[in-house]
Each structure stands twice: as structure tokens, then as C-alpha cells.
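K.L.:
The structure follows.
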Amino acid sequence: MTSIGGAEMVDWNLAVATATRLVRPGPEVSRDEARAIVAELRKHAKSSEEHVRSFTRMGTEDIHDTPVLVVDRAGWIRANVAGFREILKPLLDKMQDRRSGPGGAVLGAVGGKVTGVELGMLLSFLASRVLGQYETFAPATRDLPAGEHGGGRLLLVAPNIVHVERELDVDPHDFRLWVCLHEETHRTQFSAVPWLRDHLEGEIQSFLSETEVDPMTVLERIREAAQSLAGGRPEGEEDDGGRSIVELVQTPAQREILARLTAVMSLLEGHADFVMDGVGPDVVPSVGEIREKFQQRRARGASRLDQALRKLLGLDAKLRQYRDGERFVRAVVGEVGMDGFNRVWTSPNTLPTKSEIAKPADWVARVHRKGE
């Protein structure tokens, strides 16, 4: 455990315990039903590989170094805590080096147990909402294998998939394959584009390296964020525009990095949505009905509390990434075809900027017209 001021910065075991205790139970299924659902998801994950490779013209050889894991909500929590520990280690090490600085005793008094509980509460909220996830930076654990040569792992959260298919009242077999097509697209993106993982990790670490590690500065930024979110901004300050807490604690350098990360994530999520719907008509007979109902569910959200938490955690931005990214991919493929679109994977320099996501013609002009 990384520590500061003589106390654990994050009690990871407590985060897992808190999240698994608080997470809502999944839908009721019999043991035989559960076995059948797991088997079908594994079968669909396997069949999705060829569908996605054929449609995208990416990764024509079997180069996947990623296990497919069908998990419950507790399994998703354990996997994500392991991922957080991996990606945040440089930042926490940096904070450990500053443990003797001003304010270190403040965070030491708060302790890792409070942080662990808070992280657990957030994970319990998210664990009932995620259908699937490609874990790019997943470390292998005793219970959760990962790729042997730098590959991540593909998670399919069975109870959440069953919950949504029942809520939408759609064909369960079609819906399960449809979800697998989306997640398999992410696996293909990273396995067919070797530099993509390192590029993303570099951007994330650059973002974290710009984080203010002085404990008193961190507390002050959190206070300012809380005031803004509560509508209690100091007199004379401009409205923040309803930004999430993540956006409110950024330095200017972090805002630039986040703009690049937002563009990349919009590309990846939009590409996955485009592929799942493009493959769909040939292998998912009810894809039209599924997409329409799923889009309505995304837009509607759930309770007022759910909508508030989505805003606070920045999940509304995630939904915009699906929408804006899919529009970008559709427009570029319509203009220059799939092979022309695939130039996006050439290098970090051919990735779209945040402004190009909104204006696909600008990306086409920069990458295609300039090259010609």
C-alpha cells in the first residue's frame, strides 16, 4: 500500500469490500440459467472476433493476447480496483515522496480507510451499470488473468447484460451478441494497433504528473469544486458551465491533455458503436429495435439521483463520446471508405483532434488531402 503521513493513501482491500457490500444484487436467475448465459456470452465473444475483423479490415490474423472473462458485479469491482492500483501507482508514489511536506499530516489523519470507503461507494454505483469493458492496463491477478505479452482482458458483466435486456424487453440472444460486438471492437483496436496502448498510457501519466500533489492544494481544489457543484461559488467568479468534478480540478496543462484524451476516447467508443451497428444487420436480426431502445435508455437515464451522480462523475461526457465519435466515424467512412478511415490508426499524429471529432471534414482534409 502506498502511504502518506504514516497512513495508507488508499486502502484498496477496503475499497473492494465496501463496493461488494453496497452493490445492488443482480437479476434473479437459476443456476442452470446462469450457466447457459455464461456459455452463450463466451460463444458470442468468440464469434464476434471474425465479424469485427471482417467489417473493420483490422487485425486479419489472430493476434489477440487477451482473455475473455464473464464476471459478476463483484468480479468487475475486483478487476477495476486492480486496474486503478496499476495506473495510479506513479501518482501515489509521487505523493509518497511528498509525505513530509506541508499538509501531509492532514491527509495522514484522514487516512486510506476513508479514501477506500469513498472509492468503494463510487465503484458500487458503477458496477451495476457497465455491460462490458476492455481493460487496457489490466495486471494479472490470481483470480483475474490478463494477456501474457502486454494485452489486457475483456470483461463481460453477465448480470448487467441480463438486467438491461429484460428492461428493454429485447431478444436476449441478439442483445448479448450485440454487446459482444462492441467490446470485441475495443479488443481489436488495441490488438491491431500496437502503439495505441503505450500512447494512451503516456497521455494518462502526463495528466497525472501534472496533478497538484501538495495535500493542502488538493484539499483546496476539492473545496472549490464542491462550492461550484453546490452553486456556492465565491462572489465575482464566473459560472463553471456545469462541469464535472474531474474537470474542475485541472491545471491548464491537464486541460490540453484531456482534450486529446477526449478525442481518442470519442474515436474508440464511436468506432465500436459504428461497428456493432454495421455488423448487426447480418448477424443480429433485431439490431434496429435494440439500438432504438438502447439509445432511449441512454438519453433517459434513471432517477434524479442517478442523473446527478452521472453529472458529478463526468458520465454525461462519456455518453457524448459515443454520440460524437460515431458521427465522426460514419462521416469519414462515408467520405473515404473503410480503408481511408483506417488511416486514423497509422500513428498518434493521425488521430483526430477534439475539434476534428466535431468537424470530420477537417480530419479528412488534414490526413488525406495533405497526403495527396
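For the C-alpha cells, the naming scheme is as follows: chains receive sequential letters (A, B, ...) according to their order of presentation, residues are indexed from 1 within each chain, and ligands are indexed from 1 in presentation order.
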Extract, using only C-alpha atoms, all DNA, RNA and protein residues at most 9 Å from Phe125 (chain A), discarding same-chain residues fewer than 6 positions from it, and format them as a PyMOL selection string.
P.N.:
chain A and resi 19+22-24+309
K.L.:
Write a file of the selected residues as an mmCIF file, in the first residue's frame, keeping N, CA and C atoms.
P.N.:
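Once everything was written out, this is again.cif:
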data_model
loop_
_atom_site.group_PDB
_atom_site.id
_atom_site.type_symbol
_atom_site.label_atom_id
_atom_site.label_comp_id
_atom_site.auth_asym_id
_atom_site.auth_seq_id
_atom_site.Cartn_x
_atom_site.Cartn_y
_atom_site.Cartn_z
ATOM 1 N N ALA A 19 -17.387 -1.812 -1.814
ATOM 2 C CA ALA A 19 -18.145 -1.866 -3.069
ATOM 3 C C ALA A 19 -18.966 -3.146 -3.175
ATOM 4 N N LEU A 22 -22.001 -2.924 -0.867
ATOM 5 C CA LEU A 22 -23.032 -1.953 -1.215
ATOM 6 C C LEU A 22 -23.690 -2.193 -2.561
ATOM 7 N N VAL A 23 -23.018 -2.897 -3.463
ATOM 8 C CA VAL A 23 -23.559 -3.051 -4.808
ATOM 9 C C VAL A 23 -24.883 -3.803 -4.762
ATOM 10 N N ARG A 24 -25.797 -3.381 -5.601
ATOM 11 C CA ARG A 24 -27.113 -3.998 -5.628
ATOM 12 C C ARG A 24 -27.032 -5.409 -6.204
ATOM 13 N N LEU A 309 -25.501 11.965 -10.130
ATOM 14 C CA LEU A 309 -24.234 11.259 -9.993
ATOM 15 C C LEU A 309 -23.522 11.146 -11.337
#
K.L.:
Using only C-alpha atoms, which protein or nucleic acid residues come within 8 Å of Glu49 (chain A)? Drop anything in the same chain fewer than 2 positions from it, and give the result as an MDAnalysis selection string.
P.N.:
chainID A and resid 45:47 51:53 181 184 188
K.L.:
Could you save those same residues with all heavy atoms as a CSV table (one decimal), in the first residue's frame?
P.N.:
chain,number,residue,atom,x,y,z
A,45,ALA,N,-18.6,-13.9,-27.8
A,45,ALA,CA,-17.4,-13.2,-27.8
A,45,ALA,C,-16.4,-13.8,-28.8
A,45,ALA,O,-15.7,-13.1,-29.5
A,45,ALA,CB,-16.7,-13.3,-26.4
A,46,LYS,N,-16.4,-15.1,-28.9
A,46,LYS,CA,-15.6,-15.8,-29.9
A,46,LYS,C,-16.0,-15.5,-31.3
A,46,LYS,O,-15.2,-15.2,-32.2
A,46,LYS,CB,-15.6,-17.3,-29.6
A,46,LYS,CG,-14.7,-18.1,-30.6
A,46,LYS,CD,-13.2,-17.8,-30.4
A,46,LYS,CE,-12.3,-18.6,-31.3
A,46,LYS,NZ,-10.9,-18.2,-31.2
A,47,SER,N,-17.3,-15.6,-31.6
A,47,SER,CA,-17.8,-15.4,-32.9
A,47,SER,C,-17.7,-14.0,-33.4
A,47,SER,O,-17.5,-13.7,-34.6
A,47,SER,CB,-19.3,-15.9,-33.1
A,47,SER,OG,-20.1,-15.0,-32.3
A,51,HIS,N,-16.4,-11.5,-37.1
A,51,HIS,CA,-17.3,-10.4,-37.6
A,51,HIS,C,-16.6,-9.1,-37.6
A,51,HIS,O,-16.7,-8.3,-38.6
A,51,HIS,CB,-18.6,-10.4,-36.8
A,51,HIS,CG,-19.4,-11.6,-36.8
A,51,HIS,ND1,-19.7,-12.2,-38.0
A,51,HIS,CD2,-20.0,-12.4,-35.9
A,51,HIS,CE1,-20.5,-13.3,-37.8
A,51,HIS,NE2,-20.7,-13.4,-36.5
A,52,VAL,N,-16.0,-8.7,-36.5
A,52,VAL,CA,-15.4,-7.4,-36.3
A,52,VAL,C,-14.2,-7.3,-37.3
A,52,VAL,O,-14.0,-6.2,-37.9
A,52,VAL,CB,-15.0,-7.2,-34.9
A,52,VAL,CG1,-14.1,-5.9,-34.8
A,52,VAL,CG2,-16.2,-7.0,-34.0
A,53,ARG,N,-13.3,-8.3,-37.3
A,53,ARG,CA,-12.1,-8.2,-38.2
A,53,ARG,C,-12.5,-8.0,-39.7
A,53,ARG,O,-11.9,-7.2,-40.4
A,53,ARG,CB,-11.2,-9.4,-38.0
A,53,ARG,CG,-10.5,-9.4,-36.7
A,53,ARG,CD,-9.3,-10.4,-36.8
A,53,ARG,NE,-9.7,-11.8,-37.1
A,53,ARG,CZ,-9.9,-12.7,-36.1
A,53,ARG,NH1,-9.8,-12.3,-34.8
A,53,ARG,NH2,-10.3,-13.9,-36.4
A,181,LEU,N,-20.2,-7.6,-29.8
A,181,LEU,CA,-19.6,-6.9,-30.9
A,181,LEU,C,-18.9,-5.6,-30.6
A,181,LEU,O,-17.9,-5.3,-31.1
A,181,LEU,CB,-20.7,-6.7,-32.0
A,181,LEU,CG,-21.2,-7.9,-32.7
A,181,LEU,CD1,-22.4,-7.5,-33.6
A,181,LEU,CD2,-20.1,-8.5,-33.6
A,184,GLU,N,-15.7,-6.5,-28.5
A,184,GLU,CA,-14.7,-7.1,-29.3
A,184,GLU,C,-14.1,-6.0,-30.2
A,184,GLU,O,-12.9,-6.1,-30.5
A,184,GLU,CB,-15.3,-8.2,-30.2
A,184,GLU,CG,-14.4,-8.8,-31.2
A,184,GLU,CD,-13.2,-9.4,-30.5
A,184,GLU,OE1,-13.3,-9.9,-29.4
A,184,GLU,OE2,-12.1,-9.4,-31.2
A,188,THR,N,-10.1,-5.5,-30.6
A,188,THR,CA,-9.4,-5.4,-31.9
A,188,THR,C,-8.6,-4.1,-32.1
A,188,THR,O,-7.6,-4.1,-32.7
A,188,THR,CB,-10.5,-5.5,-33.1
A,188,THR,OG1,-11.1,-6.8,-33.0
A,188,THR,CG2,-9.9,-5.4,-34.4
K.L.:
When you draw a straight line from CA of Trp178 (chain A) to CA of Ile357 (chain A), how long is it in Å?
P.N.:
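Calculated distance between CA of Trp178 (chain A) and CA of Ile357 (chain A) is 24.7 Å.
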K.L.:
Identify which of the residues A:Leu144, A:Ala74, A:Leu177, A:Ala17 lies closest to Pro281 (chain A), counting only C-alpha atoms when measuring atom-to-atom distances.
P.N.:
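Ranking A:Leu144, A:Ala74, A:Leu177, A:Ala17 by distance to Pro281 (chain A), first place goes to A:Leu177.
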K.L.:
Pick from A:Ala253, A:Met58, A:Val275, A:Val284: nearest to Phe190 (chain A), with only C-alpha atoms counted?
P.N.:
A:Met58
K.L.:
Excluding Ile290 (chain A) and residues on its chain fewer than 3 positions from it, collect all residues at most 9 Å away from it, counting only C-alpha atoms, and give them as a PDB file with N, CA, C and O atoms, in the first residue's frame.
P.N.:
ATOM      1  N   GLU A 165     -31.264  -6.335 -20.893  1.00  0.00           N
ATOM      2  CA  GLU A 165     -32.072  -6.997 -21.934  1.00  0.00           C
ATOM      3  C   GLU A 165     -33.503  -7.200 -21.455  1.00  0.00           C
ATOM      4  O   GLU A 165     -34.451  -7.129 -22.253  1.00  0.00           O
ATOM      5  N   LEU A 168     -35.230  -3.624 -21.406  1.00  0.00           N
ATOM      6  CA  LEU A 168     -35.579  -3.158 -22.753  1.00  0.00           C
ATOM      7  C   LEU A 168     -36.589  -4.068 -23.436  1.00  0.00           C
ATOM      8  O   LEU A 168     -37.173  -3.682 -24.458  1.00  0.00           O
ATOM      9  N   VAL A 170     -36.007  -6.912 -25.119  1.00  0.00           N
ATOM     10  CA  VAL A 170     -35.494  -7.259 -26.446  1.00  0.00           C
ATOM     11  C   VAL A 170     -35.080  -8.726 -26.449  1.00  0.00           C
ATOM     12  O   VAL A 170     -34.986  -9.365 -25.403  1.00  0.00           O
ATOM     13  N   ASP A 171     -34.828  -9.250 -27.646  1.00  0.00           N
ATOM     14  CA  ASP A 171     -34.389 -10.631 -27.768  1.00  0.00           C
ATOM     15  C   ASP A 171     -33.058 -10.806 -27.039  1.00  0.00           C
ATOM     16  O   ASP A 171     -32.063 -10.164 -27.396  1.00  0.00           O
ATOM     17  N   ASP A 174     -29.958 -11.923 -29.265  1.00  0.00           N
ATOM     18  CA  ASP A 174     -29.479 -10.843 -30.132  1.00  0.00           C
ATOM     19  C   ASP A 174     -28.748  -9.782 -29.319  1.00  0.00           C
ATOM     20  O   ASP A 174     -27.693  -9.281 -29.727  1.00  0.00           O
ATOM     21  N   PHE A 175     -29.308  -9.427 -28.165  1.00  0.00           N
ATOM     22  CA  PHE A 175     -28.699  -8.370 -27.356  1.00  0.00           C
ATOM     23  C   PHE A 175     -27.316  -8.780 -26.858  1.00  0.00           C
ATOM     24  O   PHE A 175     -26.372  -7.968 -26.867  1.00  0.00           O
ATOM     25  N   TRP A 178     -24.891  -8.457 -29.667  1.00  0.00           N
ATOM     26  CA  TRP A 178     -24.707  -7.028 -29.961  1.00  0.00           C
ATOM     27  C   TRP A 178     -23.711  -6.395 -28.996  1.00  0.00           C
ATOM     28  O   TRP A 178     -22.811  -5.661 -29.401  1.00  0.00           O
ATOM     29  N   SER A 286     -32.572  -8.349 -34.852  1.00  0.00           N
ATOM     30  CA  SER A 286     -33.362  -7.268 -34.245  1.00  0.00           C
ATOM     31  C   SER A 286     -32.507  -6.066 -33.873  1.00  0.00           C
ATOM     32  O   SER A 286     -32.854  -5.315 -32.955  1.00  0.00           O
ATOM     33  N   VAL A 287     -31.409  -5.844 -34.601  1.00  0.00           N
ATOM     34  CA  VAL A 287     -30.490  -4.771 -34.227  1.00  0.00           C
ATOM     35  C   VAL A 287     -31.161  -3.398 -34.244  1.00  0.00           C
ATOM     36  O   VAL A 287     -30.858  -2.540 -33.406  1.00  0.00           O
ATOM     37  N   LYS A 293     -34.144   1.261 -28.696  1.00  0.00           N
ATOM     38  CA  LYS A 293     -34.476   1.195 -27.279  1.00  0.00           C
ATOM     39  C   LYS A 293     -33.267   1.534 -26.406  1.00  0.00           C
ATOM     40  O   LYS A 293     -33.406   2.177 -25.359  1.00  0.00           O
ATOM     41  N   PHE A 294     -32.086   1.122 -26.845  1.00  0.00           N
ATOM     42  CA  PHE A 294     -30.881   1.385 -26.054  1.00  0.00           C
ATOM     43  C   PHE A 294     -30.552   2.871 -26.054  1.00  0.00           C
ATOM     44  O   PHE A 294     -30.146   3.427 -25.023  1.00  0.00           O
ATOM     45  N   GLN A 295     -30.727   3.525 -27.201  1.00  0.00           N
ATOM     46  CA  GLN A 295     -30.483   4.964 -27.266  1.00  0.00           C
ATOM     47  C   GLN A 295     -31.461   5.720 -26.379  1.00  0.00           C
ATOM     48  O   GLN A 295     -31.085   6.702 -25.717  1.00  0.00           O
TER      49      GLN A 295
END
K.L.:
From the options A:Leu200, A:Leu41, A:Val367, A:Thr56, which residue's atoms come nearest to His271 (chain A), counting only C-alpha atoms?
P.N.:
A:Thr56
K.L.:
Please compute the CA of Val114 (chain A)-CA of Asp11 (chain A) distance, one decimal, in Å.
P.N.:
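Distance between the two atoms: 8.1 Å.
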K.L.:
Just want the 9 Å neighbourhood of Glu203 (chain A), counted on only C-alpha atoms, with same-chain residues fewer than 6 positions away dropped. Output as a PyMOL selection string.
P.N.:
chain A and resi 257-258+260-261
K.L.:
Could you pull out the residues in region 19-168 of chain A that DSSP calls strand (DSSP E or B) from the backbone, as a PyMOL selection string?
P.N.:
chain A and resi 68-71+132-135+153-157
K.L.:
Neighbours of Thr251 (chain A) within 10 Å (only C-alpha atoms; same-chain residues fewer than 5 positions away dropped), as an MDAnalysis selection string?
P.N.:
chainID A and resid 207 210:212 256:257
K.L.:
Pull all heavy atoms from the residues just selected and write them as a short mmCIF file (atom, residue, chain, number, x, y, z; two decimals), in the first residue's frame.
P.N.:
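The resulting selection_37.cif:
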data_model
loop_
_atom_site.label_atom_id
_atom_site.label_comp_id
_atom_site.auth_asym_id
_atom_site.auth_seq_id
_atom_site.Cartn_x
_atom_site.Cartn_y
_atom_site.Cartn_z
N PHE A 207 -1.02 13.38 -17.71
CA PHE A 207 -2.11 14.04 -16.99
C PHE A 207 -1.89 13.94 -15.48
O PHE A 207 -2.00 14.92 -14.75
CB PHE A 207 -3.44 13.39 -17.38
CG PHE A 207 -4.65 14.03 -16.76
CD1 PHE A 207 -5.31 15.06 -17.39
CD2 PHE A 207 -5.13 13.59 -15.53
CE1 PHE A 207 -6.43 15.67 -16.82
CE2 PHE A 207 -6.25 14.17 -14.95
CZ PHE A 207 -6.89 15.22 -15.60
N GLU A 210 0.85 16.08 -13.87
CA GLU A 210 0.53 17.49 -13.69
C GLU A 210 -0.36 17.73 -12.47
O GLU A 210 -0.68 18.87 -12.14
CB GLU A 210 -0.19 18.03 -14.93
CG GLU A 210 0.68 18.13 -16.16
CD GLU A 210 1.70 19.25 -16.04
OE1 GLU A 210 1.43 20.22 -15.30
OE2 GLU A 210 2.76 19.16 -16.67
N THR A 211 -0.77 16.64 -11.81
CA THR A 211 -1.65 16.78 -10.66
C THR A 211 -0.91 17.44 -9.50
O THR A 211 0.23 17.10 -9.22
CB THR A 211 -2.17 15.40 -10.21
OG1 THR A 211 -2.88 14.80 -11.29
CG2 THR A 211 -3.09 15.51 -9.02
N GLU A 212 -1.58 18.37 -8.86
CA GLU A 212 -1.00 19.01 -7.68
C GLU A 212 -0.90 17.98 -6.56
O GLU A 212 -1.91 17.41 -6.13
CB GLU A 212 -1.89 20.18 -7.22
CG GLU A 212 -2.03 21.29 -8.24
CD GLU A 212 -0.79 22.18 -8.31
OE1 GLU A 212 0.14 21.93 -7.53
OE2 GLU A 212 -0.78 23.09 -9.13
N GLU A 256 -5.31 20.60 -21.70
CA GLU A 256 -4.84 20.26 -23.04
C GLU A 256 -4.74 18.76 -23.23
O GLU A 256 -5.13 18.21 -24.26
CB GLU A 256 -3.47 20.91 -23.28
CG GLU A 256 -3.50 22.43 -23.33
CD GLU A 256 -2.11 23.00 -23.60
OE1 GLU A 256 -1.19 22.21 -23.89
OE2 GLU A 256 -1.95 24.24 -23.51
N ILE A 257 -4.21 18.07 -22.22
CA ILE A 257 -4.08 16.62 -22.31
C ILE A 257 -5.47 15.98 -22.36
O ILE A 257 -5.72 15.06 -23.14
CB ILE A 257 -3.28 16.08 -21.12
CG1 ILE A 257 -1.86 16.64 -21.13
CG2 ILE A 257 -3.25 14.55 -21.14
CD1 ILE A 257 -1.07 16.36 -19.86
#
K.L.:
Which of these, A:Val29, A:Ala331, A:Ile204, A:Ala15, has the shortest distance to Arg166 (chain A) once you count only C-alpha atoms?
P.N.:
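For Arg166 (chain A), the nearest of the candidates is A:Val29.
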K.L.:
Find, counting only C-alpha atoms, the residue in A:Gly120, A:Pro172, A:Gly26, A:Gly83 that gets nearest to Tyr134 (chain A).
P.N.:
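Between A:Gly120, A:Pro172, A:Gly26, A:Gly83, the residue approaching Tyr134 (chain A) most closely is A:Gly83.
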K.L.:
Please provide as a list of chain:residue names all residues within 12 Å of region 333-338 of chain A, with the sequence filter that same-chain residues fewer than 3 positions apart are discarded (counting only C-alpha atoms).
P.N.:
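So the residues in contact are A:Ser54, A:Phe55, A:Thr56, A:Arg57, A:Met58, A:His271, A:Phe274, A:Val275, A:Gly278, A:Glu326, A:Arg327, A:Phe328, A:Val329, A:Arg330, A:Phe341, A:Asn342, A:Arg343, A:Val344, A:Trp345, A:Pro360, A:Ala361, A:Asp362, A:Trp363, A:Val364, A:Ala365, A:Val367, A:His368, A:Arg369.
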K.L.:
Please, what distance in Å, to one decimal, runs between CA of Val157 (chain A) and CA of Val71 (chain A)?
P.N.:
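If I compute the distance from CA of Val157 (chain A) to CA of Val71 (chain A), I get 5.1 Å.
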